[in-house]
$ cat target_28.txt   # compact mmCIF, C-alpha atoms
# COMPACT_ATOMS: atom_id res chain seq x y z
CA MET A 3 33.25 268.69 225.14
CA ALA A 4 34.50 267.55 221.74
CA ILE A 5 37.70 268.57 220.08
CA SER A 6 37.06 269.83 216.59
CA GLY A 7 38.00 267.31 213.91
CA ILE A 8 38.44 264.34 216.24
CA SER A 9 34.96 263.37 217.32
CA GLY A 10 31.63 263.84 215.65
CA GLY A 11 32.77 263.18 212.11
CA GLY A 12 36.46 264.07 211.96
CA TYR A 13 38.68 261.01 211.86
CA SER A 14 35.83 258.70 212.79
CA ASN A 15 34.68 258.72 209.15
CA TRP A 16 38.00 257.42 207.84
CA SER A 17 37.71 254.28 205.76
CA PRO A 18 39.84 252.36 203.29
CA LEU A 19 37.49 253.53 200.51
CA ALA A 20 38.06 257.15 201.44
CA ALA A 21 41.81 256.52 201.46
CA ALA A 22 41.63 254.90 198.01
CA ALA A 23 39.66 257.87 196.66
CA THR A 24 42.31 260.20 198.05
CA GLN A 25 45.04 258.18 196.31
CA LYS A 26 43.17 258.33 192.99
CA SER A 27 42.74 262.10 193.23
CA SER A 28 46.39 262.57 194.14
CA LYS A 29 47.41 260.43 191.11
CA ALA A 30 45.28 262.67 188.88
CA ALA A 31 47.02 265.67 190.44
CA LEU A 32 50.40 264.10 189.64
CA ASP A 33 49.35 263.50 186.02
CA THR A 34 48.25 267.12 185.77
CA ALA A 35 51.47 268.26 187.37
CA THR A 36 53.38 266.24 184.81
CA ASP A 37 51.55 268.01 181.98
CA LEU A 38 52.20 271.34 183.66
CA ASP A 39 55.88 270.45 183.92
CA LYS A 40 55.91 269.62 180.21
CA VAL A 41 54.31 272.97 179.42
CA ARG A 42 56.90 274.73 181.56
CA ASP A 43 59.76 272.83 179.90
CA LYS A 44 58.60 273.06 176.28
CA GLY A 45 56.32 276.04 176.24
CA LEU A 46 52.59 275.96 175.61
CA VAL A 47 52.78 275.95 171.81
CA ALA A 48 55.27 273.06 171.64
CA PHE A 49 53.26 271.10 174.22
CA ALA A 50 50.02 271.68 172.31
CA LYS A 51 51.63 270.68 168.99
CA GLU A 52 53.02 267.50 170.53
CA ALA A 53 49.67 266.65 172.11
CA LYS A 54 47.93 267.20 168.78
CA LYS A 55 50.52 265.08 166.96
CA ASP A 56 50.13 262.29 169.52
CA ALA A 57 46.33 262.41 169.19
CA TRP A 58 46.56 262.19 165.38
CA GLU A 59 49.00 259.27 165.57
CA GLU A 60 46.63 257.42 167.88
CA LYS A 61 43.69 258.18 165.59
CA LEU A 62 45.66 256.92 162.56
CA LYS A 63 46.44 253.67 164.39
CA GLN A 64 42.74 253.23 165.18
CA TRP A 65 41.72 253.90 161.59
CA LYS A 66 44.33 251.46 160.27
CA ALA A 67 43.15 248.76 162.69
CA GLU A 68 39.55 249.45 161.68
CA ALA A 69 40.40 249.22 157.97
CA MET A 70 42.29 245.96 158.50
CA LYS A 71 39.39 244.51 160.50
CA ASN A 72 36.88 245.55 157.84
CA SER A 73 39.04 243.85 155.21
CA GLY A 74 39.37 240.73 157.35
CA LEU A 75 43.13 241.19 157.65
CA THR A 76 45.55 240.70 160.49
CA GLU A 77 49.28 241.35 160.75
CA GLU A 78 49.80 237.60 160.44
CA SER A 79 47.68 237.30 157.30
CA LEU A 80 49.57 240.22 155.74
CA ALA A 81 52.89 238.56 156.54
CA ALA A 82 51.69 235.33 154.89
CA MET A 83 50.75 237.07 151.62
CA THR A 84 52.88 237.27 148.54
CA PRO A 85 54.56 240.66 148.03
CA ASP A 86 52.05 241.64 145.33
CA GLN A 87 49.07 240.65 147.49
CA ARG A 88 50.51 242.49 150.49
CA THR A 89 51.13 245.61 148.40
CA SER A 90 47.54 245.54 147.14
CA ALA A 91 46.14 245.00 150.63
CA MET A 92 48.27 247.80 152.08
CA GLN A 93 47.10 250.15 149.30
CA GLN A 94 43.48 249.36 150.20
CA ILE A 95 44.21 250.05 153.87
CA ASP A 96 45.99 253.31 152.98
CA GLU A 97 43.02 254.41 150.85
CA ALA A 98 40.61 253.70 153.70
CA VAL A 99 42.76 255.69 156.15
CA LYS A 100 43.10 258.56 153.65
CA GLY A 101 39.31 258.57 153.34
CA LYS A 102 38.98 258.89 157.12
CA ILE A 103 41.53 261.72 157.15
CA LYS A 104 39.62 263.53 154.39
CA GLN A 105 36.38 263.06 156.33
CA ALA A 106 37.94 264.51 159.48
CA MET A 107 39.44 267.46 157.62
CA ASP A 108 36.18 268.18 155.79
CA GLY A 109 34.33 268.02 159.11
CA ALA A 110 36.76 270.52 160.64
CA LYS A 111 36.35 272.85 157.66
CA ALA A 112 32.56 272.63 157.92
CA GLN A 113 32.71 273.43 161.62
CA ALA A 114 34.94 276.43 160.90
CA LYS A 115 32.48 277.70 158.29
CA ASN A 116 29.66 277.37 160.81
CA GLY A 117 31.57 279.45 163.35
CA VAL A 118 32.75 276.55 165.50
CA ALA A 119 36.45 277.25 165.57
CA VAL A 120 39.21 275.07 166.91
CA PRO A 121 41.00 276.88 169.73
CA ASN A 122 44.46 278.22 169.03
CA PHE A 123 47.14 278.24 171.68
CA VAL A 124 49.44 281.18 172.10
CA ASP A 125 52.74 280.83 173.96
CA LEU A 126 53.02 283.90 176.16
CA SER A 127 56.24 282.81 177.85
CA VAL A 128 59.07 285.26 177.31
$ encode --input "target_28.txt" --output "structure tokens"
Amino acid sequence: MAISGISGGGYSNWSPLAAAATQKSSKAALDTATDLDKVRDKGLVAFAKEAKKDAWEEKLKQWKAEAMKNSGLTEESLAAMTPDQRTSAMQQIDEAVKGKIKQAMDGAKAQAKNGVAVPNFVDLSV
């Protein structure tokens, strides 16, 4: 006679890999709980605005790094330039980033015209 959960597949299947998978899933649950806590603290609209702002800031950093790489520039090479050269290089980088922003905005407008709308969040907390 076997006791349910002890023999025949209960604890006998325990392994370090299973324990590690459990830890990973519990970490994901903690990350989600943290986001839920932020939503509860700030409200859904404020949380969504902050998340969108953070995503744009990250995207801008990526585009700047990409523009610098395409121009063959590094932070060190910019620092070594004369002020006029640095100003010119930074203007080129800014123009490249502005071009990426325009592309992204035009893409969003085109999607909206085609009926693919960006979801809006509504804060229903009272």
$ residues_around --input "target_28.txt" --residues "Lys61 of chain A" --least-positions-apart "5" --cutoff "10 Å" --atoms "only C-alpha atoms" --output "JSON, numbers by chain"
{"A": [55, 56, 66, 67, 99, 102, 103]}
$ write_last_selection --input "target_28.txt" --atoms "C-alpha atoms" --output "PDB file, keeping the file's coordinate frame"
ATOM      1  CA  LYS A  55      50.520 265.080 166.960  1.00  0.00           C
ATOM      2  CA  ASP A  56      50.130 262.290 169.520  1.00  0.00           C
ATOM      3  CA  LYS A  66      44.330 251.460 160.270  1.00  0.00           C
ATOM      4  CA  ALA A  67      43.150 248.760 162.690  1.00  0.00           C
ATOM      5  CA  VAL A  99      42.760 255.690 156.150  1.00  0.00           C
ATOM      6  CA  LYS A 102      38.980 258.890 157.120  1.00  0.00           C
ATOM      7  CA  ILE A 103      41.530 261.720 157.150  1.00  0.00           C
TER       8      ILE A 103
END
$ atom_distance --input "target_28.txt" --atom1 "atom CA of Met92 of chain A" --atom2 "atom CA of Ser73 of chain A"
10.5 Å
$ atom_distance --input "target_28.txt" --atom1 "atom CA of Asn72 of chain A" --atom2 "atom CA of Ser90 of chain A"
15.1 Å
$ residues_around --input "target_28.txt" --residues "segment 106-115 of chain A" --least-positions-apart "6" --cutoff "12 Å" --atoms "all atoms listed in the file" --output "number ranges by chain"
A: 58, 61-62, 65, 99-100, 121
$ atom_distance --input "target_28.txt" --atom1 "atom CA of Lys54 of chain A" --atom2 "atom CA of Gly101 of chain A"
19.7 Å
$ residues_around --input "target_28.txt" --residues "Leu75 of chain A" --least-positions-apart "3" --cutoff "12 Å" --atoms "all atoms listed in the file" --output "list in words"
Lys66, Ala67, Glu68, Ala69, Met70, Lys71, Asn72, Glu78, Ser79, Leu80, Ala81, Ala82, Met83, Gln87, Arg88, Ala91, Met92, Gln94 and Ile95 of chain A
$ axis_aligned_box --input "target_28.txt" --around "segment 72-87 of chain A" --padding-each-side "4 Å" --output "JSON"
{"center_x": 45.7, "center_y": 240.4, "center_z": 153.0, "size_x": 25.7, "size_y": 18.2, "size_z": 23.4}
$ decode --input "target_28.txt" --residues "segment 30-65 of chain A" --atoms "N, CA, C and O atoms" --output "PDB file, in the first residue's frame"
ATOM      1  N   ALA A  30      10.300  34.918 -10.933  1.00  0.00           N
ATOM      2  CA  ALA A  30       9.411  35.574 -11.886  1.00  0.00           C
ATOM      3  C   ALA A  30       8.149  36.050 -11.190  1.00  0.00           C
ATOM      4  O   ALA A  30       7.642  37.134 -11.465  1.00  0.00           O
ATOM      5  N   ALA A  31       7.645  35.255 -10.257  1.00  0.00           N
ATOM      6  CA  ALA A  31       6.450  35.648  -9.501  1.00  0.00           C
ATOM      7  C   ALA A  31       6.749  36.874  -8.646  1.00  0.00           C
ATOM      8  O   ALA A  31       5.917  37.774  -8.521  1.00  0.00           O
ATOM      9  N   LEU A  32       7.949  36.935  -8.071  1.00  0.00           N
ATOM     10  CA  LEU A  32       8.327  38.111  -7.279  1.00  0.00           C
ATOM     11  C   LEU A  32       8.426  39.352  -8.150  1.00  0.00           C
ATOM     12  O   LEU A  32       8.019  40.439  -7.754  1.00  0.00           O
ATOM     13  N   ASP A  33       9.016  39.214  -9.369  1.00  0.00           N
ATOM     14  CA  ASP A  33       9.094  40.349 -10.283  1.00  0.00           C
ATOM     15  C   ASP A  33       7.702  40.840 -10.652  1.00  0.00           C
ATOM     16  O   ASP A  33       7.444  42.037 -10.688  1.00  0.00           O
ATOM     17  N   THR A  34       6.807  39.910 -10.914  1.00  0.00           N
ATOM     18  CA  THR A  34       5.428  40.274 -11.238  1.00  0.00           C
ATOM     19  C   THR A  34       4.767  40.943 -10.040  1.00  0.00           C
ATOM     20  O   THR A  34       4.082  41.943 -10.191  1.00  0.00           O
ATOM     21  N   ALA A  35       5.010  40.399  -8.868  1.00  0.00           N
ATOM     22  CA  ALA A  35       4.430  40.994  -7.668  1.00  0.00           C
ATOM     23  C   ALA A  35       4.949  42.409  -7.480  1.00  0.00           C
ATOM     24  O   ALA A  35       4.214  43.295  -7.062  1.00  0.00           O
ATOM     25  N   THR A  36       6.209  42.634  -7.802  1.00  0.00           N
ATOM     26  CA  THR A  36       6.766  43.967  -7.687  1.00  0.00           C
ATOM     27  C   THR A  36       6.038  44.922  -8.631  1.00  0.00           C
ATOM     28  O   THR A  36       5.707  46.033  -8.247  1.00  0.00           O
ATOM     29  N   ASP A  37       5.802  44.503  -9.862  1.00  0.00           N
ATOM     30  CA  ASP A  37       5.054  45.337 -10.799  1.00  0.00           C
ATOM     31  C   ASP A  37       3.634  45.576 -10.293  1.00  0.00           C
ATOM     32  O   ASP A  37       3.116  46.684 -10.399  1.00  0.00           O
ATOM     33  N   LEU A  38       3.022  44.541  -9.750  1.00  0.00           N
ATOM     34  CA  LEU A  38       1.677  44.713  -9.206  1.00  0.00           C
ATOM     35  C   LEU A  38       1.681  45.700  -8.047  1.00  0.00           C
ATOM     36  O   LEU A  38       0.772  46.520  -7.916  1.00  0.00           O
ATOM     37  N   ASP A  39       2.717  45.620  -7.212  1.00  0.00           N
ATOM     38  CA  ASP A  39       2.828  46.567  -6.106  1.00  0.00           C
ATOM     39  C   ASP A  39       2.977  47.993  -6.631  1.00  0.00           C
ATOM     40  O   ASP A  39       2.394  48.923  -6.082  1.00  0.00           O
ATOM     41  N   LYS A  40       3.751  48.158  -7.702  1.00  0.00           N
ATOM     42  CA  LYS A  40       3.919  49.488  -8.296  1.00  0.00           C
ATOM     43  C   LYS A  40       2.589  50.003  -8.825  1.00  0.00           C
ATOM     44  O   LYS A  40       2.264  51.176  -8.665  1.00  0.00           O
ATOM     45  N   VAL A  41       1.830  49.125  -9.464  1.00  0.00           N
ATOM     46  CA  VAL A  41       0.515  49.523  -9.978  1.00  0.00           C
ATOM     47  C   VAL A  41      -0.386  49.934  -8.826  1.00  0.00           C
ATOM     48  O   VAL A  41      -1.081  50.954  -8.898  1.00  0.00           O
ATOM     49  N   ARG A  42      -0.346  49.164  -7.748  1.00  0.00           N
ATOM     50  CA  ARG A  42      -1.180  49.500  -6.590  1.00  0.00           C
ATOM     51  C   ARG A  42      -0.760  50.829  -5.973  1.00  0.00           C
ATOM     52  O   ARG A  42      -1.602  51.597  -5.525  1.00  0.00           O
ATOM     53  N   ASP A  43       0.548  51.087  -5.917  1.00  0.00           N
ATOM     54  CA  ASP A  43       1.046  52.320  -5.312  1.00  0.00           C
ATOM     55  C   ASP A  43       0.770  53.541  -6.183  1.00  0.00           C
ATOM     56  O   ASP A  43       0.340  54.581  -5.683  1.00  0.00           O
ATOM     57  N   LYS A  44       1.033  53.417  -7.479  1.00  0.00           N
ATOM     58  CA  LYS A  44       0.975  54.570  -8.379  1.00  0.00           C
ATOM     59  C   LYS A  44      -0.331  54.690  -9.140  1.00  0.00           C
ATOM     60  O   LYS A  44      -0.652  55.757  -9.630  1.00  0.00           O
ATOM     61  N   GLY A  45      -0.999  53.588  -9.308  1.00  0.00           N
ATOM     62  CA  GLY A  45      -2.164  53.559 -10.176  1.00  0.00           C
ATOM     63  C   GLY A  45      -1.725  53.059 -11.542  1.00  0.00           C
ATOM     64  O   GLY A  45      -0.557  53.176 -11.925  1.00  0.00           O
ATOM     65  N   LEU A  46      -2.652  52.500 -12.279  1.00  0.00           N
ATOM     66  CA  LEU A  46      -2.329  51.878 -13.556  1.00  0.00           C
ATOM     67  C   LEU A  46      -1.825  52.886 -14.583  1.00  0.00           C
ATOM     68  O   LEU A  46      -0.865  52.625 -15.295  1.00  0.00           O
ATOM     69  N   VAL A  47      -2.439  54.045 -14.647  1.00  0.00           N
ATOM     70  CA  VAL A  47      -2.043  55.037 -15.653  1.00  0.00           C
ATOM     71  C   VAL A  47      -0.624  55.525 -15.390  1.00  0.00           C
ATOM     72  O   VAL A  47       0.205  55.572 -16.298  1.00  0.00           O
ATOM     73  N   ALA A  48      -0.307  55.859 -14.145  1.00  0.00           N
ATOM     74  CA  ALA A  48       1.033  56.340 -13.810  1.00  0.00           C
ATOM     75  C   ALA A  48       2.065  55.247 -14.058  1.00  0.00           C
ATOM     76  O   ALA A  48       3.155  55.520 -14.582  1.00  0.00           O
ATOM     77  N   PHE A  49       1.733  54.007 -13.703  1.00  0.00           N
ATOM     78  CA  PHE A  49       2.655  52.894 -13.943  1.00  0.00           C
ATOM     79  C   PHE A  49       2.897  52.726 -15.437  1.00  0.00           C
ATOM     80  O   PHE A  49       4.034  52.555 -15.874  1.00  0.00           O
ATOM     81  N   ALA A  50       1.827  52.764 -16.232  1.00  0.00           N
ATOM     82  CA  ALA A  50       1.956  52.586 -17.676  1.00  0.00           C
ATOM     83  C   ALA A  50       2.765  53.724 -18.294  1.00  0.00           C
ATOM     84  O   ALA A  50       3.605  53.492 -19.164  1.00  0.00           O
ATOM     85  N   LYS A  51       2.529  54.956 -17.841  1.00  0.00           N
ATOM     86  CA  LYS A  51       3.297  56.092 -18.361  1.00  0.00           C
ATOM     87  C   LYS A  51       4.773  55.950 -18.027  1.00  0.00           C
ATOM     88  O   LYS A  51       5.637  56.220 -18.869  1.00  0.00           O
ATOM     89  N   GLU A  52       5.067  55.529 -16.800  1.00  0.00           N
ATOM     90  CA  GLU A  52       6.467  55.353 -16.399  1.00  0.00           C
ATOM     91  C   GLU A  52       7.128  54.236 -17.196  1.00  0.00           C
ATOM     92  O   GLU A  52       8.269  54.366 -17.623  1.00  0.00           O
ATOM     93  N   ALA A  53       6.405  53.148 -17.404  1.00  0.00           N
ATOM     94  CA  ALA A  53       6.947  52.030 -18.180  1.00  0.00           C
ATOM     95  C   ALA A  53       7.214  52.458 -19.619  1.00  0.00           C
ATOM     96  O   ALA A  53       8.246  52.104 -20.199  1.00  0.00           O
ATOM     97  N   LYS A  54       6.315  53.245 -20.173  1.00  0.00           N
ATOM     98  CA  LYS A  54       6.486  53.734 -21.543  1.00  0.00           C
ATOM     99  C   LYS A  54       7.672  54.687 -21.619  1.00  0.00           C
ATOM    100  O   LYS A  54       8.486  54.612 -22.539  1.00  0.00           O
ATOM    101  N   LYS A  55       7.803  55.562 -20.632  1.00  0.00           N
ATOM    102  CA  LYS A  55       8.929  56.498 -20.579  1.00  0.00           C
ATOM    103  C   LYS A  55      10.249  55.747 -20.474  1.00  0.00           C
ATOM    104  O   LYS A  55      11.208  56.045 -21.197  1.00  0.00           O
ATOM    105  N   ASP A  56      10.284  54.741 -19.606  1.00  0.00           N
ATOM    106  CA  ASP A  56      11.495  53.939 -19.442  1.00  0.00           C
ATOM    107  C   ASP A  56      11.861  53.212 -20.737  1.00  0.00           C
ATOM    108  O   ASP A  56      13.035  53.135 -21.104  1.00  0.00           O
ATOM    109  N   ALA A  57      10.851  52.693 -21.429  1.00  0.00           N
ATOM    110  CA  ALA A  57      11.099  51.989 -22.691  1.00  0.00           C
ATOM    111  C   ALA A  57      11.655  52.947 -23.747  1.00  0.00           C
ATOM    112  O   ALA A  57      12.582  52.604 -24.481  1.00  0.00           O
ATOM    113  N   TRP A  58      11.105  54.166 -23.814  1.00  0.00           N
ATOM    114  CA  TRP A  58      11.604  55.158 -24.771  1.00  0.00           C
ATOM    115  C   TRP A  58      13.028  55.576 -24.432  1.00  0.00           C
ATOM    116  O   TRP A  58      13.861  55.731 -25.320  1.00  0.00           O
ATOM    117  N   GLU A  59      13.326  55.770 -23.143  1.00  0.00           N
ATOM    118  CA  GLU A  59      14.685  56.144 -22.754  1.00  0.00           C
ATOM    119  C   GLU A  59      15.678  55.065 -23.149  1.00  0.00           C
ATOM    120  O   GLU A  59      16.769  55.362 -23.644  1.00  0.00           O
ATOM    121  N   GLU A  60      15.303  53.816 -22.956  1.00  0.00           N
ATOM    122  CA  GLU A  60      16.179  52.708 -23.336  1.00  0.00           C
ATOM    123  C   GLU A  60      16.368  52.676 -24.851  1.00  0.00           C
ATOM    124  O   GLU A  60      17.468  52.466 -25.353  1.00  0.00           O
ATOM    125  N   LYS A  61      15.284  52.893 -25.579  1.00  0.00           N
ATOM    126  CA  LYS A  61      15.356  52.903 -27.045  1.00  0.00           C
ATOM    127  C   LYS A  61      16.245  54.049 -27.525  1.00  0.00           C
ATOM    128  O   LYS A  61      17.061  53.873 -28.439  1.00  0.00           O
ATOM    129  N   LEU A  62      16.124  55.222 -26.896  1.00  0.00           N
ATOM    130  CA  LEU A  62      16.966  56.357 -27.276  1.00  0.00           C
ATOM    131  C   LEU A  62      18.446  56.065 -27.027  1.00  0.00           C
ATOM    132  O   LEU A  62      19.301  56.419 -27.847  1.00  0.00           O
ATOM    133  N   LYS A  63      18.747  55.405 -25.917  1.00  0.00           N
ATOM    134  CA  LYS A  63      20.138  55.019 -25.632  1.00  0.00           C
ATOM    135  C   LYS A  63      20.660  54.071 -26.709  1.00  0.00           C
ATOM    136  O   LYS A  63      21.791  54.206 -27.168  1.00  0.00           O
ATOM    137  N   GLN A  64      19.833  53.115 -27.111  1.00  0.00           N
ATOM    138  CA  GLN A  64      20.230  52.169 -28.155  1.00  0.00           C
ATOM    139  C   GLN A  64      20.475  52.893 -29.473  1.00  0.00           C
ATOM    140  O   GLN A  64      21.455  52.614 -30.162  1.00  0.00           O
ATOM    141  N   TRP A  65      19.578  53.798 -29.831  1.00  0.00           N
ATOM    142  CA  TRP A  65      19.734  54.526 -31.088  1.00  0.00           C
ATOM    143  C   TRP A  65      20.966  55.414 -31.074  1.00  0.00           C
ATOM    144  O   TRP A  65      21.651  55.551 -32.073  1.00  0.00           O
TER     145      TRP A  65
END
